[in-house]
Amino acid sequence: MQVFTFFCVESDGSVPRFDVTPCADDHAARLRAFELLDMHHRCDFVEVWRGAQRVFDVFASQAAAA
């Protein structure tokens with residue numbers, strides 16, 4: 001397991017919430033980011049970090065298409 005940090009970014013650039021979750025891999029982390037977007041509708045995207053490395057971003061538009 002790896003620990004990922006998820007930052008929920010709103011349209012004004014603010015990050016009013018974040019989540020720290022252990023995930024098996026990047027795929028599991030991406031699924032968690034989609035869950036967060038579904039729970040927090042004001043978020044435009046979620047930044048996903050593993051330690052000090054920004055791994056990827058998941059955008060609300062991607063969640064709608066999935």
# chains A, B, ... in the order shown; residues from 1 in each chain; ligands from 1
>>> select_by_dssp(residues="chain A", states="strand (DSSP E)", output="number ranges by chain")
A: 2-10, 17-23, 43-50, 53-59
>>> residues_around(residues="segment 36-42 of chain A", least_positions_apart="3", cutoff="7 Å", atoms="only C-alpha atoms", output="PyMOL selection string")
chain A and resi 10+32-33+60
>>> write_last_selection(atoms="all heavy atoms", output="JSON list (two decimals), in the first residue's frame")
[["chain", "number", "residue", "atom", "x", "y", "z"],
["A", 10, "GLU", "N", -11.12, 23.93, -5.98],
["A", 10, "GLU", "CA", -12.32, 24.61, -6.49],
["A", 10, "GLU", "C", -11.93, 25.60, -7.58],
["A", 10, "GLU", "O", -10.76, 25.87, -7.81],
["A", 10, "GLU", "CB", -13.05, 25.28, -5.34],
["A", 10, "GLU", "CG", -13.62, 24.26, -4.36],
["A", 10, "GLU", "CD", -14.52, 24.86, -3.30],
["A", 10, "GLU", "OE1", -14.67, 26.10, -3.26],
["A", 10, "GLU", "OE2", -15.07, 24.08, -2.52],
["A", 32, "ARG", "N", -10.35, 6.62, -6.20],
["A", 32, "ARG", "CA", -10.64, 7.42, -5.00],
["A", 32, "ARG", "C", -10.88, 8.89, -5.37],
["A", 32, "ARG", "O", -11.76, 9.54, -4.82],
["A", 32, "ARG", "CB", -9.49, 7.30, -3.99],
["A", 32, "ARG", "CG", -9.68, 8.13, -2.75],
["A", 32, "ARG", "CD", -10.88, 7.69, -1.95],
["A", 32, "ARG", "NE", -11.05, 8.53, -0.76],
["A", 32, "ARG", "CZ", -12.20, 8.77, -0.19],
["A", 32, "ARG", "NH1", -13.31, 8.21, -0.62],
["A", 32, "ARG", "NH2", -12.27, 9.55, 0.88],
["A", 33, "ALA", "N", -10.10, 9.40, -6.31],
["A", 33, "ALA", "CA", -10.29, 10.79, -6.76],
["A", 33, "ALA", "C", -11.67, 10.98, -7.36],
["A", 33, "ALA", "O", -12.34, 11.98, -7.10],
["A", 33, "ALA", "CB", -9.20, 11.17, -7.76],
["A", 60, "ALA", "N", -13.38, 17.03, -12.98],
["A", 60, "ALA", "CA", -14.80, 16.74, -12.86],
["A", 60, "ALA", "C", -15.38, 16.30, -14.21],
["A", 60, "ALA", "O", -16.23, 15.41, -14.27],
["A", 60, "ALA", "CB", -15.56, 17.93, -12.30]]
>>> residues_around(residues="Thr21 of chain A", least_positions_apart="3", cutoff="7 Å", atoms="only C-alpha atoms", output="list in words")
Val3, Phe4 and Thr5 of chain A
>>> residues_around(residues="Ser61 of chain A", least_positions_apart="4", cutoff="12 Å", atoms="only C-alpha atoms", output="PyMOL selection string")
chain A and resi 34+37-38+41+43-46+57+65-66
>>> residues_around(residues="Gln2 of chain A", least_positions_apart="3", cutoff="12 Å", atoms="only C-alpha atoms", output="list in words")
Thr5, Val20, Thr21, Pro22, Cys23, Ala24, Asp25, Asp26, His27, Ala28, Ala29, Trp49, Arg50 and Gly51 of chain A
>>> select_by_dssp(residues="chain A", states="helix (DSSP H, G or I)", output="list in words")
Asp26, His27, Ala28, Ala29, Arg30, Leu31, Arg32, Ala33, Phe34, Glu35, Leu36, Leu37, Asp38, Met39, Ala60, Ser61, Gln62, Ala63, Ala64 and Ala65 of chain A
>>> write_last_selection(atoms="N, CA, C and O atoms", output="PDB file, in the first residue's frame")
ATOM      1  N   ASP A  26      -1.777   3.313  -8.478  1.00  0.00           N
ATOM      2  CA  ASP A  26      -2.288   4.541  -9.096  1.00  0.00           C
ATOM      3  C   ASP A  26      -3.739   4.386  -9.551  1.00  0.00           C
ATOM      4  O   ASP A  26      -4.525   5.325  -9.465  1.00  0.00           O
ATOM      5  N   HIS A  27      -4.084   3.213 -10.040  1.00  0.00           N
ATOM      6  CA  HIS A  27      -5.463   2.986 -10.493  1.00  0.00           C
ATOM      7  C   HIS A  27      -6.446   3.145  -9.332  1.00  0.00           C
ATOM      8  O   HIS A  27      -7.481   3.809  -9.477  1.00  0.00           O
ATOM      9  N   ALA A  28      -6.138   2.558  -8.191  1.00  0.00           N
ATOM     10  CA  ALA A  28      -6.995   2.686  -7.011  1.00  0.00           C
ATOM     11  C   ALA A  28      -7.062   4.144  -6.555  1.00  0.00           C
ATOM     12  O   ALA A  28      -8.120   4.625  -6.130  1.00  0.00           O
ATOM     13  N   ALA A  29      -5.950   4.867  -6.675  1.00  0.00           N
ATOM     14  CA  ALA A  29      -5.936   6.285  -6.308  1.00  0.00           C
ATOM     15  C   ALA A  29      -6.824   7.091  -7.254  1.00  0.00           C
ATOM     16  O   ALA A  29      -7.539   8.001  -6.825  1.00  0.00           O
ATOM     17  N   ARG A  30      -6.804   6.749  -8.528  1.00  0.00           N
ATOM     18  CA  ARG A  30      -7.665   7.446  -9.492  1.00  0.00           C
ATOM     19  C   ARG A  30      -9.142   7.213  -9.149  1.00  0.00           C
ATOM     20  O   ARG A  30      -9.958   8.140  -9.189  1.00  0.00           O
ATOM     21  N   LEU A  31      -9.486   5.984  -8.787  1.00  0.00           N
ATOM     22  CA  LEU A  31     -10.863   5.690  -8.394  1.00  0.00           C
ATOM     23  C   LEU A  31     -11.261   6.483  -7.159  1.00  0.00           C
ATOM     24  O   LEU A  31     -12.392   6.990  -7.069  1.00  0.00           O
ATOM     25  N   ARG A  32     -10.345   6.622  -6.200  1.00  0.00           N
ATOM     26  CA  ARG A  32     -10.636   7.417  -5.000  1.00  0.00           C
ATOM     27  C   ARG A  32     -10.875   8.885  -5.373  1.00  0.00           C
ATOM     28  O   ARG A  32     -11.764   9.539  -4.825  1.00  0.00           O
ATOM     29  N   ALA A  33     -10.104   9.404  -6.309  1.00  0.00           N
ATOM     30  CA  ALA A  33     -10.286  10.788  -6.755  1.00  0.00           C
ATOM     31  C   ALA A  33     -11.673  10.976  -7.359  1.00  0.00           C
ATOM     32  O   ALA A  33     -12.341  11.981  -7.096  1.00  0.00           O
ATOM     33  N   PHE A  34     -12.140   9.989  -8.150  1.00  0.00           N
ATOM     34  CA  PHE A  34     -13.491  10.065  -8.705  1.00  0.00           C
ATOM     35  C   PHE A  34     -14.531  10.057  -7.593  1.00  0.00           C
ATOM     36  O   PHE A  34     -15.532  10.776  -7.665  1.00  0.00           O
ATOM     37  N   GLU A  35     -14.311   9.245  -6.558  1.00  0.00           N
ATOM     38  CA  GLU A  35     -15.235   9.228  -5.418  1.00  0.00           C
ATOM     39  C   GLU A  35     -15.310  10.602  -4.750  1.00  0.00           C
ATOM     40  O   GLU A  35     -16.397  11.075  -4.392  1.00  0.00           O
ATOM     41  N   LEU A  36     -14.158  11.233  -4.583  1.00  0.00           N
ATOM     42  CA  LEU A  36     -14.129  12.555  -3.949  1.00  0.00           C
ATOM     43  C   LEU A  36     -14.858  13.591  -4.794  1.00  0.00           C
ATOM     44  O   LEU A  36     -15.581  14.443  -4.262  1.00  0.00           O
ATOM     45  N   LEU A  37     -14.676  13.532  -6.105  1.00  0.00           N
ATOM     46  CA  LEU A  37     -15.401  14.455  -6.980  1.00  0.00           C
ATOM     47  C   LEU A  37     -16.901  14.238  -6.873  1.00  0.00           C
ATOM     48  O   LEU A  37     -17.682  15.192  -6.913  1.00  0.00           O
ATOM     49  N   ASP A  38     -17.309  12.996  -6.713  1.00  0.00           N
ATOM     50  CA  ASP A  38     -18.729  12.689  -6.582  1.00  0.00           C
ATOM     51  C   ASP A  38     -19.288  13.201  -5.257  1.00  0.00           C
ATOM     52  O   ASP A  38     -20.439  13.631  -5.192  1.00  0.00           O
ATOM     53  N   MET A  39     -18.477  13.192  -4.208  1.00  0.00           N
ATOM     54  CA  MET A  39     -18.920  13.656  -2.890  1.00  0.00           C
ATOM     55  C   MET A  39     -18.883  15.176  -2.759  1.00  0.00           C
ATOM     56  O   MET A  39     -19.685  15.761  -2.036  1.00  0.00           O
ATOM     57  N   ALA A  60     -13.380  17.027 -12.977  1.00  0.00           N
ATOM     58  CA  ALA A  60     -14.800  16.736 -12.861  1.00  0.00           C
ATOM     59  C   ALA A  60     -15.381  16.301 -14.208  1.00  0.00           C
ATOM     60  O   ALA A  60     -16.232  15.413 -14.269  1.00  0.00           O
ATOM     61  N   SER A  61     -14.901  16.892 -15.292  1.00  0.00           N
ATOM     62  CA  SER A  61     -15.400  16.517 -16.622  1.00  0.00           C
ATOM     63  C   SER A  61     -15.060  15.065 -16.949  1.00  0.00           C
ATOM     64  O   SER A  61     -15.820  14.398 -17.651  1.00  0.00           O
ATOM     65  N   GLN A  62     -13.941  14.551 -16.428  1.00  0.00           N
ATOM     66  CA  GLN A  62     -13.591  13.152 -16.634  1.00  0.00           C
ATOM     67  C   GLN A  62     -14.559  12.249 -15.872  1.00  0.00           C
ATOM     68  O   GLN A  62     -14.928  11.184 -16.341  1.00  0.00           O
ATOM     69  N   ALA A  63     -14.947  12.682 -14.681  1.00  0.00           N
ATOM     70  CA  ALA A  63     -15.870  11.894 -13.869  1.00  0.00           C
ATOM     71  C   ALA A  63     -17.229  11.801 -14.561  1.00  0.00           C
ATOM     72  O   ALA A  63     -17.874  10.762 -14.535  1.00  0.00           O
ATOM     73  N   ALA A  64     -17.650  12.899 -15.185  1.00  0.00           N
ATOM     74  CA  ALA A  64     -18.945  12.911 -15.869  1.00  0.00           C
ATOM     75  C   ALA A  64     -18.924  11.985 -17.082  1.00  0.00           C
ATOM     76  O   ALA A  64     -19.928  11.375 -17.415  1.00  0.00           O
ATOM     77  N   ALA A  65     -17.755  11.871 -17.719  1.00  0.00           N
ATOM     78  CA  ALA A  65     -17.636  11.029 -18.915  1.00  0.00           C
ATOM     79  C   ALA A  65     -17.464   9.549 -18.563  1.00  0.00           C
ATOM     80  O   ALA A  65     -17.688   8.695 -19.403  1.00  0.00           O
TER      81      ALA A  65
END
>>> atom_distance(atom1="atom CA of Glu47 of chain A", atom2="atom CA of Asp12 of chain A")
14.6 Å
>>> atom_distance(atom1="atom CA of Arg17 of chain A", atom2="atom CA of Met1 of chain A")
22.6 Å
